[in-house]
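File shown here: start.txt, holding compact mmCIF, C-alpha atoms.
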```
# COMPACT_ATOMS: atom_id res chain seq x y z
CA MET T 18 143.50 84.50 33.79
CA SER T 19 143.48 86.60 36.97
CA LYS T 20 140.81 89.28 37.20
CA LEU T 21 141.44 92.84 38.30
CA SER T 22 140.32 93.30 41.90
CA ILE T 23 139.45 96.42 43.87
CA LYS T 24 139.57 96.11 47.65
CA GLY T 25 138.84 98.71 50.32
CA TYR T 26 140.67 98.85 53.66
CA PRO T 27 140.11 101.02 56.76
CA ASP T 28 143.74 101.98 57.38
CA PHE T 29 147.08 102.73 55.73
CA VAL T 30 150.05 101.88 57.96
CA ASN T 31 153.79 101.65 57.21
CA GLY T 32 153.28 102.14 53.50
CA ASP T 33 150.57 99.51 53.08
CA VAL T 34 146.83 99.05 53.42
CA SER T 35 145.89 97.65 56.81
CA GLY T 36 143.03 95.86 58.56
CA PHE T 37 140.38 93.57 57.12
CA ALA T 38 139.01 94.41 53.69
CA VAL T 39 135.64 96.15 54.02
CA ALA T 40 134.64 95.13 50.49
CA THR T 41 136.07 93.35 47.45
CA PHE T 42 134.99 94.05 43.89
CA THR T 43 136.21 91.93 40.96
CA LEU T 44 135.86 92.91 37.32
CA GLN T 45 133.91 90.56 35.08
CA LEU T 46 136.09 91.49 32.13
CA ASN T 47 139.61 92.85 32.48
CA PRO T 48 140.17 96.28 30.94
CA GLU T 49 141.61 96.51 27.44
CA GLU T 50 143.67 99.46 28.61
CA PHE T 51 144.34 101.68 31.58
CA SER T 52 146.30 104.86 32.15
CA ILE T 53 148.89 105.87 34.74
CA GLY T 54 149.39 109.58 35.33
CA TYR T 55 151.44 111.47 37.90
CA ASP T 56 150.04 113.97 40.34
CA THR T 57 151.83 117.31 40.17
CA GLU T 58 151.23 117.94 43.89
CA VAL T 59 154.28 115.98 45.04
CA GLU T 60 154.81 114.53 48.49
CA GLN T 61 158.03 116.04 49.80
CA LEU T 62 160.16 115.00 52.75
CA GLY T 63 160.85 117.66 55.35
CA GLU T 64 164.22 119.02 56.38
CA GLY T 65 165.67 118.57 59.85
CA GLU T 66 167.64 116.31 62.09
CA ALA T 67 166.98 112.65 62.68
CA GLY T 68 163.92 112.11 64.81
CA THR T 69 161.79 114.86 63.29
CA ALA T 70 158.07 114.33 62.86
CA SER T 71 158.47 112.91 59.35
CA GLY T 72 160.82 110.24 60.67
CA VAL T 73 162.86 110.46 57.45
CA PRO T 74 164.87 113.70 57.40
CA VAL T 75 166.40 114.67 54.07
CA SER T 76 168.92 117.47 53.62
CA ASN T 77 167.97 118.09 49.99
CA ARG T 78 164.39 119.38 49.69
CA SER T 79 164.40 118.70 45.96
CA ARG T 80 164.06 115.01 46.70
CA ALA T 81 160.32 114.40 46.38
CA TYR T 82 157.92 111.62 45.50
CA THR T 83 155.33 112.10 42.76
CA LYS T 84 152.17 110.10 43.32
CA GLN T 85 150.87 107.78 40.64
CA LYS T 86 147.29 108.19 39.45
CA LEU T 87 145.49 105.17 37.96
CA SER T 88 142.44 105.55 35.70
CA ILE T 89 140.44 102.58 34.43
CA ASP T 90 137.14 102.10 32.59
CA PHE T 91 135.17 98.89 32.90
CA LEU T 92 131.75 97.32 32.41
CA VAL T 93 129.28 95.89 34.91
CA ASP T 94 126.81 93.73 33.01
CA ASN T 95 124.04 91.35 34.03
CA THR T 96 122.41 90.87 30.63
CA GLY T 97 124.07 87.49 30.12
CA ILE T 98 126.47 88.51 27.35
CA LEU T 99 129.49 87.90 29.62
CA PRO T 100 130.52 84.39 30.75
CA ASN T 101 130.51 85.29 34.46
CA ALA T 102 128.15 87.23 36.69
CA PRO T 103 128.85 90.59 38.35
CA THR T 104 130.32 90.62 41.86
CA GLY T 105 127.77 89.33 44.39
CA LEU T 106 125.44 87.88 41.74
CA THR T 107 125.16 84.50 40.04
CA LEU T 108 124.32 83.38 36.51
CA PHE T 109 120.86 82.44 37.84
CA SER T 110 120.19 86.16 38.38
CA ILE T 111 120.70 87.21 34.75
CA GLY T 112 118.46 90.14 33.93
CA GLY T 113 118.24 91.24 37.55
CA SER T 114 119.37 94.51 39.10
CA ILE T 115 123.08 95.28 39.49
CA SER T 116 122.38 97.61 42.43
CA ASP T 117 124.01 95.27 44.97
CA THR T 118 127.10 94.97 42.77
CA ILE T 119 127.41 98.74 42.47
CA ASP T 120 126.95 99.01 46.24
CA THR T 121 129.92 96.67 46.74
CA LEU T 122 132.01 98.86 44.43
CA TYR T 123 130.85 101.91 46.37
CA LYS T 124 131.91 100.32 49.68
CA ALA T 125 135.31 99.36 48.28
CA THR T 126 136.08 102.82 46.95
CA ILE T 127 134.27 105.82 48.44
CA LYS T 128 131.81 104.86 51.21
CA PRO T 129 133.15 105.88 54.66
CA THR T 130 134.10 102.88 56.79
CA SER T 131 132.55 102.24 60.20
CA ASP T 132 136.02 102.31 61.81
CA SER T 133 137.43 105.58 60.48
CA HIS T 134 134.28 107.30 59.15
CA MET T 135 136.44 108.16 56.15
CA PRO T 136 136.50 106.66 52.64
CA PRO T 137 138.58 103.46 52.49
CA PHE T 138 142.10 103.06 51.22
CA VAL T 139 141.84 101.26 47.90
CA HIS T 140 144.08 98.47 46.65
CA VAL T 141 143.80 97.88 42.90
CA GLU T 142 145.60 94.74 41.79
CA TRP T 143 145.87 92.90 38.49
CA GLY T 144 148.69 90.38 38.08
CA SER T 145 151.99 92.17 37.47
CA ALA T 146 150.33 95.00 35.53
CA ILE T 147 148.73 96.94 38.40
CA ASP T 148 149.49 97.08 42.12
CA LEU T 149 148.44 100.48 43.44
CA LYS T 150 147.23 101.53 46.88
CA GLY T 151 145.56 104.86 47.47
CA LYS T 152 142.30 106.79 47.61
CA ALA T 153 139.58 106.94 44.98
CA THR T 154 139.38 110.51 43.68
CA ASP T 155 136.72 109.91 41.05
CA LEU T 156 133.98 107.30 40.58
CA ASP T 157 131.58 107.81 37.69
CA ILE T 158 128.79 105.31 36.94
CA GLN T 159 126.76 105.56 33.72
CA TYR T 160 123.75 103.24 33.61
CA THR T 161 123.11 102.18 30.02
CA ARG T 162 120.53 99.37 30.11
CA PHE T 163 117.50 98.48 32.21
CA ASN T 164 115.10 95.53 32.57
CA SER T 165 111.32 95.69 32.21
CA SER T 166 110.99 96.70 35.87
CA GLY T 167 113.30 99.68 35.39
CA ASP T 168 116.19 98.11 37.30
CA PRO T 169 119.69 98.82 35.97
CA ILE T 170 121.35 95.76 34.44
CA ARG T 171 124.35 97.34 32.74
CA ALA T 172 126.67 100.21 33.64
CA LYS T 173 129.88 101.79 32.41
CA VAL T 174 132.25 102.71 35.24
CA LYS T 175 135.18 105.12 35.35
CA LEU T 176 137.44 104.94 38.39
CA THR T 177 140.47 107.03 39.33
CA VAL T 178 142.71 106.14 42.27
CA LEU T 179 145.50 108.40 43.54
CA GLU T 180 148.41 106.64 45.22
CA GLU T 181 148.76 107.03 48.99
CA VAL T 182 152.27 107.59 50.31
CA ASP T 183 153.94 108.10 53.67
CA GLU T 184 157.55 108.27 54.81
CA THR T 185 157.83 104.49 54.47
CA VAL T 186 156.86 104.55 50.81
CA ILE T 187 159.24 107.42 50.12
CA SER T 188 162.07 105.71 51.99
CA ARG T 189 161.73 102.64 49.80
CA GLN T 190 161.92 104.86 46.73
CA PHE T 191 165.00 106.72 47.91
CA GLN T 192 167.57 104.31 49.34
CA SER T 193 170.00 107.20 49.62
CA PRO T 194 173.18 107.10 51.73
CA ASP T 195 172.32 110.48 53.26
CA ILE T 196 169.12 109.21 54.86
CA THR T 197 169.00 108.00 58.44
CA ARG T 198 165.70 106.47 59.43
CA MET T 199 164.41 106.58 62.99
CA PRO T 200 161.00 104.89 63.13
CA THR T 201 158.98 104.46 66.31
CA ILE T 202 158.43 100.80 67.14
CA ARG T 203 154.86 99.59 66.84
CA GLU T 204 153.19 96.40 67.99
CA GLY T 205 154.32 93.50 65.78
CA ASP T 206 157.48 95.16 64.45
CA THR T 207 160.56 92.97 64.22
CA LEU T 208 164.15 93.99 63.59
CA VAL T 209 164.55 91.44 60.81
CA ALA T 210 161.51 92.72 58.94
CA MET T 211 162.54 96.35 59.39
CA CYS T 212 166.05 95.65 58.08
CA ASN T 213 164.50 94.00 55.06
CA GLN T 214 162.31 97.08 54.59
CA PHE T 215 165.05 99.70 54.94
CA TYR T 216 168.05 97.83 53.51
CA ASP T 217 166.41 95.18 51.32
CA ASP T 218 168.42 92.68 53.36
CA PRO T 219 167.19 91.13 56.65
CA SER T 220 170.70 89.97 57.60
CA TYR T 221 171.63 93.48 58.83
CA PHE T 222 169.65 92.99 62.05
CA ILE T 223 172.78 92.14 64.08
CA GLN T 224 174.56 95.34 62.99
CA VAL T 225 171.50 97.45 63.76
CA ALA T 226 171.06 95.76 67.15
CA ASN T 227 174.68 96.53 68.03
CA LEU T 228 174.45 100.14 66.85
CA ASN T 229 171.38 100.68 69.04
CA ASN T 230 172.76 98.71 72.00
CA LEU T 231 169.72 96.47 72.03
CA PRO T 232 169.88 93.82 74.76
CA ASN T 233 167.38 91.61 72.92
CA PHE T 234 166.69 92.10 69.23
CA ARG T 235 163.76 89.65 69.34
CA ARG T 236 161.76 91.83 71.75
CA LEU T 237 161.50 95.41 70.62
CA LYS T 238 159.96 97.86 73.06
CA VAL T 239 156.80 99.41 71.64
CA GLY T 240 157.14 103.20 71.54
CA SER T 241 160.94 103.18 71.45
CA VAL T 242 162.91 104.70 68.57
CA ILE T 243 165.51 102.71 66.67
CA ARG T 244 168.14 104.27 64.42
CA PHE T 245 168.70 102.75 60.97
CA PRO T 246 171.76 104.59 59.61
CA PRO T 247 173.39 104.10 56.21
CA LEU T 248 175.30 100.81 56.15
CA GLU T 249 177.90 99.61 53.70
CA LYS T 250 176.74 96.61 51.74
```
What does the file become when written as structure tokens?
Amino acid sequence: MSKLSIKGYPDFVNGDVSGFAVATFTLQLNPEEFSIGYDTEVEQLGEGEAGTASGVPVSNRSRAYTKQKLSIDFLVDNTGILPNAPTGLTLFSIGGSISDTIDTLYKATIKPTSDSHMPPFVHVEWGSAIDLKGKATDLDIQYTRFNSSGDPIRAKVKLTVLEEVDETVISRQFQSPDITRMPTIREGDTLVAMCNQFYDDPSYFIQVANLNNLPNFRRLKVGSVIRFPPLEK
């Protein structure tokens, strides 16, 4: 059975975590339950013509995206009652401190990264049940058992992660015919991949290339703006 993983990344680009993971924490025992709430402070697309700062102009300001909020409780235990050891430890270290394990969790969730000097973007994943990318808004660690040296060997953890969104995330949610997307090309972007992102169909790259009078759809100029208008499917 797959185990729930918590990974921290330095960046969030084009609706996804980006860069190399700064830390990976894996639960010893999957949670019996978790909760998904919705943040009332919605992310709303701005009004305006195509090419505005948001990149995704919407004429109806009532169209908004409500962020998901994930809350999970789990156990970190090095007493030997669980069949596998905590992250970063082995079964030969039973009875030893879980401080290094908690430090890994800290790095994956709230410790500022060396690149951005800001807390990481968190990706929580567990099979098909959970796939959420955002920022940790709450991390509570309750130490409940100690060894003879006073080192913590068991802790109860509560973690809350609020979904991160940008215009790319919102665009995927609202595949509306009144939306024209005008993203700025970045290094590594391809027309095929962008058509798949905006239309859920990579085969539209020829139509988009023609609409934008692109001489070569395989070589997109970094910094240029390409128009992805509504297309009949």
Inset, instruction - For each of T:Tyr221, T:Tyr26, T:Phe42, T:Phe91, take the minimum atom-to-atom distance to T:Ser133, counting only C-alpha atoms, then give the residue where this is smallest. - result: T:Tyr26
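If you look at atom CA of T:Asn233 and atom CA of T:Ser35, they are 27.5 Å away from each other.
Between atom CA of T:Tyr160 and atom CA of T:Ser110 the interatomic distance comes to 18.1 Å.
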Legend entry - Selected residue of minimal separation from T:Asp206 among T:Ile243, T:Val182, T:Ala172, T:Ile98, counting only C-alpha atoms: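 Ranking T:Ile243, T:Val182, T:Ala172, T:Ile98 by distance to T:Asp206, first place goes to T:Ile243.
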Legend entry - d(atom CA of T:Leu228, atom CA of T:Gln214) in Å: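 Distance between the two atoms: 17.5 Å.
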Legend entry - Exercise: stretch 143-153 of chain T partners within 6 Å, all atoms listed in the file, chain neighbours under 6 positions left out, as a list in words: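 With the cut-off at 6 Å, the set is Leu21, Thr126, Thr177, Val178, Leu179, Glu180 and Glu181 of chain T.
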How about saving the chosen residues, C-alpha atoms kept, as an mmCIF file, in the coordinates of the input?
```cif
data_model
loop_
_atom_site.group_PDB
_atom_site.id
_atom_site.type_symbol
_atom_site.label_atom_id
_atom_site.label_comp_id
_atom_site.auth_asym_id
_atom_site.auth_seq_id
_atom_site.Cartn_x
_atom_site.Cartn_y
_atom_site.Cartn_z
ATOM 1 C CA LEU T 21 141.440 92.840 38.300
ATOM 2 C CA THR T 126 136.080 102.820 46.950
ATOM 3 C CA THR T 177 140.470 107.030 39.330
ATOM 4 C CA VAL T 178 142.710 106.140 42.270
ATOM 5 C CA LEU T 179 145.500 108.400 43.540
ATOM 6 C CA GLU T 180 148.410 106.640 45.220
ATOM 7 C CA GLU T 181 148.760 107.030 48.990
#
```
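Minimum distance to T:Val34 across T:Ala102, T:Pro137, T:Ala210, T:Gly240 (counting all atoms listed in the file) occurs at T:Pro137.
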Let me have the centre and edge lengths in Å, one decimal, of the box along x, y and z around every listed atom of stretch 112-128 of chain T with 8 Å of margin on each side, as AutoDock Vina command-line options.
```
--center_x 127.2 --center_y 98.0 --center_z 42.6 --size_x 33.8 --size_y 31.7 --size_z 33.3
```
Legend entry - Given only C-alpha atoms as the counted atoms, nearest of T:Arg244, T:Lys175, T:Lys20, T:Lys128 to T:Ser52: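 Distance minimum relative to T:Ser52 lands on T:Lys175.
If only C-alpha atoms are the atoms counted, then among T:Leu99, T:Asp217, T:Thr130, T:Asp56 the closest residue to T:Phe37 is T:Thr130.
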I want to know what sits within 8 Å of T:Thr96, based on all atoms listed in the file, with residues of the same chain fewer than 3 positions away left out; could you give that as a PDB file with C-alpha atoms, in the frame of the given file?
```
ATOM      1  CA  LEU T  99     129.490  87.900  29.620  1.00  0.00           C
ATOM      2  CA  ILE T 111     120.700  87.210  34.750  1.00  0.00           C
ATOM      3  CA  GLY T 112     118.460  90.140  33.930  1.00  0.00           C
ATOM      4  CA  ILE T 170     121.350  95.760  34.440  1.00  0.00           C
ATOM      5  CA  ARG T 171     124.350  97.340  32.740  1.00  0.00           C
TER       6      ARG T 171
END
```
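Candidate residues T:Thr118, T:Asn229, T:Ser19, T:Ile127 were compared for distance to T:Asp157, and the nearest is T:Ile127, using all atoms listed in the file.
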Legend entry - Non-local contacts of T:Ser114 (12 Å; all atoms listed in the file; under 5 positions in same chain excluded) as a PyMOL selection string: chain T and resi 93-96+102-107+119-120+160+162-172
